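Undergrad: I am attaching a structure below and will ask some questions about it afterwards.
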Amino acid sequence: MELFELTSHELHALLVKGETSSEEITKSILARIGKVEDRVNAFMTVNVNEALEKARNIDDQVAKGAEIGPLTGIPLAIKDNMCTRGILTTCSSKILRNFVPPYNATTVEMILQAGAIPIGKTNMDEFAMGSSTENSAYKTTKNPWNLSTVPGGSSGGSAAAVAAGEAAMAFGSDTGGSIRQPASFCGVVGMKPTYGRVSRYGLIAFASSLDQIGPLTKDVTDCAIMLNAISGHDKKDSTSVDLPVPDYRKALVDDVKGLKIGIITDLMGEGIDENVKKAVLDAANKLKALGAKVEEVSLPTLKFGVPTYYILATAEASSNLERYDGVKYGHRSDDSPDLLNMYYNTRREGFGPEVKRRIMLGTYALSAGYYDAYYLKAQKVRTLIKQDFDKAFAKFDVLLSPTSPSVAFKIGAKVDDPLSMYLSDIATIPVNLAGIPAISITCGFSDDLPIGLHIMGKAFSEEKLLRVAFTYEQNTEWHKQRAKL
Amino acid sequence: MKYDIVIGLEVHAQLLTQSKIFCGCSTKFGNPPNTNICPVCTGQPGVLPVLNKKVVDFAIKTGLALSSKIAPHTIFARKNYFYPDLPKNYQVSQYELPIASKGHIDITSGGQTRKIGITRVHLEEDAGKLVHQGAAGLRGATSSLVDLNRTGVPLMEIVSEPDIKTPEEARVYMEELRKLLVFLGVCDGNMEEGSLRCDANISLRPEGQKEFGVKAEVKNMNSFKAVERALAAEVKRQTEVLNEGGKIVQETRLFDEASGKTISMRSKEEAHDYRYFPEPDLVPIEIDHKWIDEIKKTIDELPQAKKARYITDMKLPEIDAGILTSDKALAKFFEETVKLFNEPKEISNWLLGDVLAYCNENKRSIADISLTPGSLFEAIKMVKDGTISRKTGKEILFKVIDTGKNIKDLVSESGSTQISDDTEILKFITEAIKDNPGPYQQYKSGKTTVSAFFVGQVMKATKGRANPDVVNRLVKQELDK
């Protein structure tokens, strides 16, 4: 097998044995990028020189006796909404076409300290708003399993990069499913940690009370490794939680005996592809066969998830995106006669249609006379959804659903139907609203496209999620398949 | 038609913390543009606010001093509007659940003391500064430079109930509030530099009517006097409009120093919709009794209570008490001297007469000069003992301040000890009588007022060092022989 096909823990084993070097790994990844990137379009920026230079530095340090940690020398892709000092960061938007951050996001700093090689910045839906990466203002990323289909979104570039062997692992961000849904479409592992588990400092905000950074990896072990590296309290993020970080690798145990698993019936009904349903039920039966207790459970308020999300997330976004005004950084429209016109022109030119749509929705939901009926009401429904989950977790260790109602759809199939696009997040959105963690792993294929199994746990139960996911993975072969490019 | 005046004031006070409210940048005034900045206060993509605890401490302290209720649970909110001095185009402020509410402050105006209600106290971040190029102000400017040093400086907004009844009361309210904030050490109260700002809402209603009239908002009042002048001008304007049968337009008006009038800012037709919502990047603050008690311990006796105590317990006249309590350092100095020598009025005379005169003339404050309560006590004691004259006492005091030397040393050095010894003084009187036979004859022939001449001669000969009381007694005694 080529180096670019291996997981990070496999690469780590080779590094420790001295059978490869960081430079070799990085070169393999860069060569792979050279071969497939013009078809996949996963990256906004590839940091060829910086990556090789860092790789050589790492090899020098290792030669001098430095410890080889789990991330040392591992090429890692970073979603383009995470600030990287000195490296263009665009959020795949025209309004940040020339923005070079003066600082690193905390999680970027953490993986750099751990010796990872930042290979490049990945394409995404503009400002993380979308479920297909088709909302990027620059390019359309293709799903490596079938280049005429979408990779999912908004972390489509990161998911595709991992699936195509263009990075050993990648950062994504998840506000309504933006790590998990592309993970399911691209046949990789994607996890959204508990809200507050991972620092948001340096993540360019979409919806502050919903956003989280998380891993996109080839297998569950790599997911645990990355989670170890990025979790923890950050003084710079007031919403990050000051709780100890366990060693998530210790959760990688092949044993689900006695665990109580609930299949959410509300997410297995109308609108879900038959093949997807079947794959999820097969996965549940597999876990049952391995000793878990599997039952059905209903969370009736989940049906309000999507409308609740599209009020709260857009409201917060309408405020978070006010800073893009052409005054301080990013695009500024030329030749405006006065300040007001500069604001209008800059934002009109700089934002794409989906971003504008959401800013308008959010502004409306917060406006005088509508705040109570929309924003306040949505916050109350959010509490009800959380309570439904709390009730369920009193009975069950984890909950299951499909990650997405379908497999990857054709490029262009939903661009003219925003509501249909929004509904592809029906299973993932409630998780963000409740602030709980969830992971997506591959549980089958339909038309040669991956199907994602969505596993949810209560707050700070990442260990349980990893255990269930690891057990399933160890007893199936899906994760060993690679997209043919 | 007679009208009642209804005034409410909104005061913004910059808090005296070292760092800004949501980041570690310095709040120091006067640095070169865009040097007290960081990614957080310049609103870079991806940054997050972190609350400065001292800011909350100061707000609790102020709330307690204003006898208000401290919220057990308080939250921040975003106030959204676009302007280049506001990097995020929203200001993090408070809307629902402000940190303090339902308080009051006493003011004395027209001989009466009244309570003015405080509706709320809340925290927010300041915006930056725009420096317009090519013109004196915004009108006609070709461009504007943005200085973000001030963005994120902590502000405390104090909103009064519409309880203020006259422009003079408004000024007194500002002065009392300022005194309080400076006393607490939370603000330096400098209106001219902008660390204390005031906006007013003012309306008129027919005498006795319960419903409020339409109010106008008045801004750009940059001194206490300006507050009084602006509101007086507004009362005049609104009275004229109403008397002519017109209606007051709800609008914002700017005070113009030069003309003494308020001018309409009619550029905005619609009111802003700020779309307030709770700030999702900050967690709610829970304030328990333990925290409140800790802050209570840091509050010294407040100026108004102190003033009342000086009047009642120390029997000081109101004027003295007022001046002494207007400055924390002065009050402290006074109280420490009283501890050494329990004659408050005497000490007050020295402080307000001599020491403050020195400070004012040399443009220094009592905290800056090298005078201690001990030295002042020594000076007063020496005069009381008769060791030096009152006049000398004042001079010596100034010398103590100038040189920092010990008062006893200075007195012996200058040889300015008072001569109180009868024998000594008699020598000078005898000399004076001998040298002035004419006036002596005048006295003997009945013109007793001439004794003053001899007193003057003795004082001249002793260079003012003779104890005046002793001289007076002995001159009379010798002349009457």
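Naming works like this for the structure tokens: A, B, ... for the chains as they're shown, residue 1 at the start of each chain, ligands 1 onward in shown order.
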Using only C-alpha atoms, select each residue of chain A with any atom at most 6 Å away from an atom of chain B, and give the selection as a PDB file with all heavy atoms, in the first residue's frame.
TA:
ATOM      1  N   TYR A 201     -12.010  29.132  19.370  1.00  0.00           N
ATOM      2  CA  TYR A 201     -11.239  30.342  19.094  1.00  0.00           C
ATOM      3  C   TYR A 201     -10.483  30.171  17.783  1.00  0.00           C
ATOM      4  O   TYR A 201      -9.671  29.250  17.637  1.00  0.00           O
ATOM      5  CB  TYR A 201     -10.255  30.638  20.233  1.00  0.00           C
ATOM      6  CG  TYR A 201      -9.527  31.948  20.050  1.00  0.00           C
ATOM      7  CD1 TYR A 201     -10.146  33.151  20.364  1.00  0.00           C
ATOM      8  CD2 TYR A 201      -8.241  31.991  19.521  1.00  0.00           C
ATOM      9  CE1 TYR A 201      -9.499  34.361  20.170  1.00  0.00           C
ATOM     10  CE2 TYR A 201      -7.583  33.203  19.326  1.00  0.00           C
ATOM     11  CZ  TYR A 201      -8.228  34.380  19.649  1.00  0.00           C
ATOM     12  OH  TYR A 201      -7.584  35.585  19.464  1.00  0.00           O
ATOM     13  N   GLY A 202     -10.763  31.041  16.847  1.00  0.00           N
ATOM     14  CA  GLY A 202     -10.106  30.958  15.544  1.00  0.00           C
ATOM     15  C   GLY A 202     -10.954  30.254  14.510  1.00  0.00           C
ATOM     16  O   GLY A 202     -10.581  30.224  13.327  1.00  0.00           O
ATOM     17  N   LEU A 203     -12.085  29.692  14.919  1.00  0.00           N
ATOM     18  CA  LEU A 203     -13.043  29.150  13.948  1.00  0.00           C
ATOM     19  C   LEU A 203     -13.930  30.311  13.533  1.00  0.00           C
ATOM     20  O   LEU A 203     -14.591  30.909  14.369  1.00  0.00           O
ATOM     21  CB  LEU A 203     -13.901  28.050  14.578  1.00  0.00           C
ATOM     22  CG  LEU A 203     -15.080  27.557  13.723  1.00  0.00           C
ATOM     23  CD1 LEU A 203     -14.576  26.869  12.458  1.00  0.00           C
ATOM     24  CD2 LEU A 203     -15.977  26.612  14.531  1.00  0.00           C
ATOM     25  N   ILE A 204     -13.915  30.630  12.245  1.00  0.00           N
ATOM     26  CA  ILE A 204     -14.688  31.781  11.789  1.00  0.00           C
ATOM     27  C   ILE A 204     -16.164  31.451  11.963  1.00  0.00           C
ATOM     28  O   ILE A 204     -16.670  30.493  11.370  1.00  0.00           O
ATOM     29  CB  ILE A 204     -14.317  32.141  10.346  1.00  0.00           C
ATOM     30  CG1 ILE A 204     -12.842  32.557  10.315  1.00  0.00           C
ATOM     31  CG2 ILE A 204     -15.217  33.271   9.821  1.00  0.00           C
ATOM     32  CD1 ILE A 204     -12.293  32.928   8.956  1.00  0.00           C
ATOM     33  N   ALA A 205     -16.826  32.233  12.800  1.00  0.00           N
ATOM     34  CA  ALA A 205     -18.142  31.844  13.309  1.00  0.00           C
ATOM     35  C   ALA A 205     -19.244  31.883  12.259  1.00  0.00           C
ATOM     36  O   ALA A 205     -19.341  32.813  11.467  1.00  0.00           O
ATOM     37  CB  ALA A 205     -18.517  32.743  14.483  1.00  0.00           C
ATOM     38  N   SER A 208     -22.749  30.749  16.649  1.00  0.00           N
ATOM     39  CA  SER A 208     -21.897  30.611  17.832  1.00  0.00           C
ATOM     40  C   SER A 208     -22.337  29.530  18.814  1.00  0.00           C
ATOM     41  O   SER A 208     -21.484  28.893  19.435  1.00  0.00           O
ATOM     42  CB  SER A 208     -21.861  31.948  18.579  1.00  0.00           C
ATOM     43  OG  SER A 208     -21.672  33.004  17.677  1.00  0.00           O
ATOM     44  N   SER A 209     -23.668  29.329  18.984  1.00  0.00           N
ATOM     45  CA  SER A 209     -24.103  28.372  19.999  1.00  0.00           C
ATOM     46  C   SER A 209     -24.206  26.958  19.428  1.00  0.00           C
ATOM     47  O   SER A 209     -24.614  26.036  20.130  1.00  0.00           O
ATOM     48  CB  SER A 209     -25.455  28.794  20.566  1.00  0.00           C
ATOM     49  OG  SER A 209     -26.477  28.561  19.612  1.00  0.00           O
ATOM     50  N   SER A 238     -14.803  31.488  26.004  1.00  0.00           N
ATOM     51  CA  SER A 238     -15.615  31.444  27.220  1.00  0.00           C
ATOM     52  C   SER A 238     -16.632  30.324  27.216  1.00  0.00           C
ATOM     53  O   SER A 238     -17.180  29.981  28.248  1.00  0.00           O
ATOM     54  CB  SER A 238     -16.366  32.770  27.393  1.00  0.00           C
ATOM     55  OG  SER A 238     -15.481  33.850  27.413  1.00  0.00           O
ATOM     56  N   GLU A 322     -21.856  40.397  10.286  1.00  0.00           N
ATOM     57  CA  GLU A 322     -21.902  41.856  10.116  1.00  0.00           C
ATOM     58  C   GLU A 322     -20.508  42.443   9.992  1.00  0.00           C
ATOM     59  O   GLU A 322     -20.319  43.505   9.381  1.00  0.00           O
ATOM     60  CB  GLU A 322     -22.619  42.507  11.316  1.00  0.00           C
ATOM     61  CG  GLU A 322     -24.122  42.342  11.278  1.00  0.00           C
ATOM     62  CD  GLU A 322     -24.785  42.571  12.632  1.00  0.00           C
ATOM     63  OE1 GLU A 322     -24.078  42.811  13.629  1.00  0.00           O
ATOM     64  OE2 GLU A 322     -26.026  42.493  12.686  1.00  0.00           O
ATOM     65  N   ARG A 323     -19.498  41.757  10.571  1.00  0.00           N
ATOM     66  CA  ARG A 323     -18.164  42.353  10.561  1.00  0.00           C
ATOM     67  C   ARG A 323     -17.555  42.426   9.160  1.00  0.00           C
ATOM     68  O   ARG A 323     -16.584  43.153   8.952  1.00  0.00           O
ATOM     69  CB  ARG A 323     -17.249  41.588  11.518  1.00  0.00           C
ATOM     70  CG  ARG A 323     -16.918  40.179  11.079  1.00  0.00           C
ATOM     71  CD  ARG A 323     -16.223  39.404  12.203  1.00  0.00           C
ATOM     72  NE  ARG A 323     -17.136  39.184  13.314  1.00  0.00           N
ATOM     73  CZ  ARG A 323     -16.754  38.824  14.537  1.00  0.00           C
ATOM     74  NH1 ARG A 323     -15.476  38.645  14.799  1.00  0.00           N
ATOM     75  NH2 ARG A 323     -17.632  38.637  15.495  1.00  0.00           N
ATOM     76  N   LEU A 366     -34.858  38.212  14.109  1.00  0.00           N
ATOM     77  CA  LEU A 366     -34.458  39.018  15.258  1.00  0.00           C
ATOM     78  C   LEU A 366     -35.102  40.385  15.284  1.00  0.00           C
ATOM     79  O   LEU A 366     -34.948  41.130  16.235  1.00  0.00           O
ATOM     80  CB  LEU A 366     -32.931  39.235  15.264  1.00  0.00           C
ATOM     81  CG  LEU A 366     -32.064  38.027  15.596  1.00  0.00           C
ATOM     82  CD1 LEU A 366     -30.594  38.401  15.441  1.00  0.00           C
ATOM     83  CD2 LEU A 366     -32.327  37.537  17.012  1.00  0.00           C
ATOM     84  N   SER A 367     -35.832  40.722  14.238  1.00  0.00           N
ATOM     85  CA  SER A 367     -36.260  42.111  14.123  1.00  0.00           C
ATOM     86  C   SER A 367     -37.418  42.416  15.059  1.00  0.00           C
ATOM     87  O   SER A 367     -38.152  41.535  15.524  1.00  0.00           O
ATOM     88  CB  SER A 367     -36.608  42.455  12.679  1.00  0.00           C
ATOM     89  OG  SER A 367     -37.608  41.597  12.209  1.00  0.00           O
TER      90      SER A 367
END
Undergrad: Report as JSON, numbers by chain all protein, DNA and RNA residues lying within 10 Å of Gly103 in chain B, evaluated on only C-alpha atoms, omitting residues in the same chain fewer than 2 positions from it.
TA: {"B": [63, 64, 65, 66, 67, 68, 69, 70, 100, 101, 105, 115, 116, 117, 118, 119, 120, 121, 160, 161]}
Undergrad: DSSP on the backbone, helix (DSSP H, G or I) only: what residues of range 91-331 of chain A does that give? Format it as a PyMOL selection string.
TA: chain A and resi 94-96+106-113+126-128+156-163+180-186+220-230+248-251+265-267+274-289+300-323
Undergrad: Tell me, as an mmCIF file with all heavy atoms, in the first residue's frame, which residues lie within 8 Å of range 457-470 of chain B, counting only C-alpha atoms; anything in the same chain fewer than 6 positions away does not count.
TA:
data_model
loop_
_atom_site.group_PDB
_atom_site.id
_atom_site.type_symbol
_atom_site.label_atom_id
_atom_site.label_comp_id
_atom_site.auth_asym_id
_atom_site.auth_seq_id
_atom_site.Cartn_x
_atom_site.Cartn_y
_atom_site.Cartn_z
ATOM 1 N N GLY B 386 1.676 79.000 71.047
ATOM 2 C CA GLY B 386 2.312 80.314 71.026
ATOM 3 C C GLY B 386 3.748 80.262 70.552
ATOM 4 O O GLY B 386 4.447 81.264 70.559
ATOM 5 N N ILE B 388 4.825 79.825 67.570
ATOM 6 C CA ILE B 388 4.918 80.656 66.365
ATOM 7 C C ILE B 388 3.592 81.378 66.163
ATOM 8 O O ILE B 388 2.585 80.986 66.751
ATOM 9 C CB ILE B 388 5.223 79.817 65.105
ATOM 10 C CG1 ILE B 388 4.210 78.676 64.937
ATOM 11 C CG2 ILE B 388 6.647 79.285 65.160
ATOM 12 C CD1 ILE B 388 4.422 77.848 63.690
ATOM 13 N N SER B 389 3.642 82.421 65.362
ATOM 14 C CA SER B 389 2.402 83.154 65.105
ATOM 15 C C SER B 389 1.603 82.420 64.040
ATOM 16 O O SER B 389 2.134 81.565 63.330
ATOM 17 C CB SER B 389 2.728 84.564 64.634
ATOM 18 O OG SER B 389 3.328 84.486 63.347
ATOM 19 N N THR B 392 3.153 82.985 60.678
ATOM 20 C CA THR B 392 4.343 82.150 60.518
ATOM 21 C C THR B 392 3.938 80.708 60.260
ATOM 22 O O THR B 392 4.544 80.003 59.460
ATOM 23 C CB THR B 392 5.229 82.213 61.774
ATOM 24 O OG1 THR B 392 5.480 83.577 62.072
ATOM 25 C CG2 THR B 392 6.524 81.475 61.562
ATOM 26 N N SER B 416 12.231 81.600 63.344
ATOM 27 C CA SER B 416 10.954 82.318 63.324
ATOM 28 C C SER B 416 10.067 81.922 64.483
ATOM 29 O O SER B 416 8.872 82.098 64.443
ATOM 30 C CB SER B 416 10.233 82.095 62.000
ATOM 31 O OG SER B 416 10.425 80.801 61.540
ATOM 32 N N THR B 417 10.685 81.361 65.505
ATOM 33 C CA THR B 417 9.864 81.086 66.682
ATOM 34 C C THR B 417 9.260 82.377 67.171
ATOM 35 O O THR B 417 9.865 83.441 67.118
ATOM 36 C CB THR B 417 10.698 80.496 67.836
ATOM 37 O OG1 THR B 417 12.007 81.027 67.764
ATOM 38 C CG2 THR B 417 10.754 78.988 67.738
ATOM 39 N N GLN B 418 8.093 82.246 67.668
ATOM 40 C CA GLN B 418 7.381 83.409 68.152
ATOM 41 C C GLN B 418 7.987 83.859 69.485
ATOM 42 O O GLN B 418 8.363 83.043 70.322
ATOM 43 C CB GLN B 418 5.910 83.031 68.345
ATOM 44 C CG GLN B 418 5.016 84.196 68.620
ATOM 45 C CD GLN B 418 3.557 83.812 68.434
ATOM 46 O OE1 GLN B 418 3.180 82.677 68.604
ATOM 47 N NE2 GLN B 418 2.751 84.782 68.107
ATOM 48 N N ILE B 419 8.069 85.115 69.622
ATOM 49 C CA ILE B 419 8.553 85.645 70.913
ATOM 50 C C ILE B 419 7.336 85.885 71.782
ATOM 51 O O ILE B 419 6.493 86.732 71.465
ATOM 52 C CB ILE B 419 9.323 86.956 70.711
ATOM 53 C CG1 ILE B 419 10.461 86.714 69.694
ATOM 54 C CG2 ILE B 419 9.862 87.473 72.047
ATOM 55 C CD1 ILE B 419 11.084 87.987 69.204
ATOM 56 N N SER B 420 7.233 85.114 72.848
ATOM 57 C CA SER B 420 6.096 85.294 73.738
ATOM 58 C C SER B 420 6.526 85.738 75.134
ATOM 59 O O SER B 420 5.695 86.003 75.991
ATOM 60 C CB SER B 420 5.315 83.987 73.846
ATOM 61 O OG SER B 420 4.848 83.613 72.586
ATOM 62 N N ASP B 422 7.548 87.873 78.092
ATOM 63 C CA ASP B 422 7.265 89.265 78.487
ATOM 64 C C ASP B 422 8.531 90.130 78.499
ATOM 65 O O ASP B 422 8.551 91.253 77.985
ATOM 66 C CB ASP B 422 6.606 89.305 79.883
ATOM 67 C CG ASP B 422 5.120 88.939 79.813
ATOM 68 O OD1 ASP B 422 4.706 88.333 78.795
ATOM 69 O OD2 ASP B 422 4.374 89.279 80.754
ATOM 70 N N ILE B 425 9.794 91.032 75.085
ATOM 71 C CA ILE B 425 8.946 91.988 74.389
ATOM 72 C C ILE B 425 9.042 93.377 75.028
ATOM 73 O O ILE B 425 9.042 94.397 74.331
ATOM 74 C CB ILE B 425 7.488 91.475 74.349
ATOM 75 C CG1 ILE B 425 7.431 90.251 73.382
ATOM 76 C CG2 ILE B 425 6.523 92.556 73.923
ATOM 77 C CD1 ILE B 425 6.105 89.595 73.257
ATOM 78 N N PHE B 428 11.601 95.532 73.508
ATOM 79 C CA PHE B 428 11.230 96.181 72.241
ATOM 80 C C PHE B 428 10.279 97.341 72.455
ATOM 81 O O PHE B 428 10.366 98.381 71.784
ATOM 82 C CB PHE B 428 10.582 95.159 71.280
ATOM 83 C CG PHE B 428 11.579 94.183 70.696
ATOM 84 C CD1 PHE B 428 11.661 92.879 71.194
ATOM 85 C CD2 PHE B 428 12.434 94.578 69.654
ATOM 86 C CE1 PHE B 428 12.575 91.995 70.665
ATOM 87 C CE2 PHE B 428 13.346 93.669 69.129
ATOM 88 C CZ PHE B 428 13.432 92.380 69.631
ATOM 89 N N ILE B 429 9.362 97.166 73.428
ATOM 90 C CA ILE B 429 8.388 98.239 73.690
ATOM 91 C C ILE B 429 9.106 99.465 74.227
ATOM 92 O O ILE B 429 8.863 100.601 73.788
ATOM 93 C CB ILE B 429 7.297 97.748 74.675
ATOM 94 C CG1 ILE B 429 6.483 96.610 74.006
ATOM 95 C CG2 ILE B 429 6.407 98.901 75.095
ATOM 96 C CD1 ILE B 429 5.448 95.978 74.914
ATOM 97 N N ALA B 432 10.750 101.192 71.481
ATOM 98 C CA ALA B 432 9.795 101.875 70.602
ATOM 99 C C ALA B 432 9.318 103.190 71.227
ATOM 100 O O ALA B 432 9.196 104.206 70.551
ATOM 101 C CB ALA B 432 8.608 100.975 70.301
#
Undergrad: So which residues touch range 176-179 of chain A within 6 Å, counting only C-alpha atoms, skipping near sequence neighbours fewer than 4 positions away, as a list in words?
TA: Gly153, Ser154, Ser155, Gly172, Gly190, Thr428, Ile429 and Asn432 of chain A
Undergrad: Within 12 Å of Ile396 in chain B, counting only C-alpha atoms, which residues show up once you throw out same-chain ones fewer than 4 positions away? Write them as a ChimeraX atom specification, please.
TA: /B:354-355,371,375-376,378-380,382-383,388-392,400-417
Undergrad: Can you spit out the residues from that selection as a tab-separated table (two decimals), in the first residue's frame, using C-alpha atoms?
TA:
chain	number	residue	atom	x	y	z
B	354	ASP	CA	-4.08	77.61	53.57
B	355	VAL	CA	-3.41	74.17	52.18
B	371	LEU	CA	2.44	67.32	53.60
B	375	SER	CA	3.00	68.02	59.95
B	376	LEU	CA	-0.27	69.90	59.81
B	378	GLU	CA	2.49	70.10	64.45
B	379	ALA	CA	1.92	73.45	62.79
B	380	ILE	CA	-1.46	73.94	64.41
B	382	MET	CA	2.87	75.28	67.57
B	383	VAL	CA	0.53	78.16	66.86
B	388	ILE	CA	4.92	80.66	66.36
B	389	SER	CA	2.40	83.15	65.11
B	390	ARG	CA	-0.51	82.16	62.91
B	391	LYS	CA	1.08	84.00	59.98
B	392	THR	CA	4.34	82.15	60.52
B	400	VAL	CA	7.24	72.00	54.67
B	401	ILE	CA	5.43	71.27	51.42
B	402	ASP	CA	8.17	72.81	49.30
B	403	THR	CA	11.15	71.25	51.01
B	404	GLY	CA	9.65	68.18	52.62
B	405	LYS	CA	11.61	69.01	55.77
B	406	ASN	CA	10.46	68.39	59.29
B	407	ILE	CA	8.45	71.30	60.68
B	408	LYS	CA	10.36	71.60	63.95
B	409	ASP	CA	13.65	71.80	62.06
B	410	LEU	CA	12.32	74.47	59.76
B	411	VAL	CA	11.07	76.55	62.67
B	412	SER	CA	14.39	76.53	64.51
B	413	GLU	CA	16.32	77.09	61.23
B	414	SER	CA	14.39	80.15	60.27
B	415	GLY	CA	14.55	81.50	63.76
B	416	SER	CA	10.95	82.32	63.32
B	417	THR	CA	9.86	81.09	66.68
Undergrad: Applying 12 Å and only C-alpha atoms, which residues near Asn81 in chain A remain after dropping the ones on its own chain fewer than 3 positions away? List them as a ChimeraX atom specification.
TA: /A:44,77-78,84,87-93,96,99-101,104-105,108,121-129,136,154-155,157-158,171-174,200-206,211-213 /B:45-46
Undergrad: What is the CA of Asn475 in chain A-CA of Ser184 in chain A distance in Å, reported with one decimal?
TA: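 Computing the Euclidean distance for CA of Asn475 in chain A and CA of Ser184 in chain A yields 18.5 Å.
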Undergrad: Which neighbours of range 191-207 of chain B fall inside 7 Å, counting only C-alpha atoms, when residues of the same chain fewer than 4 positions from it are skipped, and could you give them as a compact mmCIF listing (two decimals) with C-alpha atoms, in the first residue's frame?
TA:
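Full text of part_23.txt as output:
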# COMPACT_ATOMS: atom_id res chain seq x y z
CA LYS B 2 -47.25 76.35 33.10
CA TYR B 3 -45.26 73.22 32.34
CA ASP B 4 -43.54 70.66 34.53
CA ILE B 5 -40.13 69.62 33.31
CA VAL B 6 -39.31 65.89 33.13
CA ILE B 7 -35.65 64.95 32.70
CA GLY B 8 -33.91 61.57 32.64
CA LEU B 9 -30.15 61.21 32.26
CA GLU B 10 -28.06 58.41 30.72
CA VAL B 11 -24.48 58.52 31.89
CA HIS B 12 -21.65 56.46 30.41
CA ALA B 13 -18.62 56.05 32.68
CA GLN B 14 -15.34 54.55 31.44
CA PHE B 212 -45.48 62.33 29.84
CA GLY B 213 -45.10 64.74 26.95
CA VAL B 214 -43.06 63.86 23.84
CA LYS B 215 -39.38 63.76 24.71
CA ALA B 216 -36.32 64.94 22.85
CA GLU B 217 -32.93 63.38 23.30
CA VAL B 218 -30.07 65.82 23.87
CA LYS B 219 -26.44 64.86 23.18
CA MET B 221 -22.96 68.04 26.41
CA ASN B 222 -19.30 68.01 27.37
CA SER B 223 -19.26 69.59 30.83
Undergrad: Report the distance between CA of Tyr374 in chain A and CA of Asp417 in chain A in Å, rounded to one decimal place.
TA: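 Going from CA of Tyr374 in chain A over to CA of Asp417 in chain A covers 22.8 Å.
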Undergrad: What separation in Å, quoted to one decimal, exists between CA of Ile248 in chain B and CA of Ile107 in chain B?
TA: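 Calculated distance between CA of Ile248 in chain B and CA of Ile107 in chain B is 28.9 Å.
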Undergrad: Just checking: using only C-alpha atoms, which residue out of A:Ile95, A:Val40, A:Ala373, A:Cys443 ends up closest to Val276 in chain A?
TA: A:Cys443
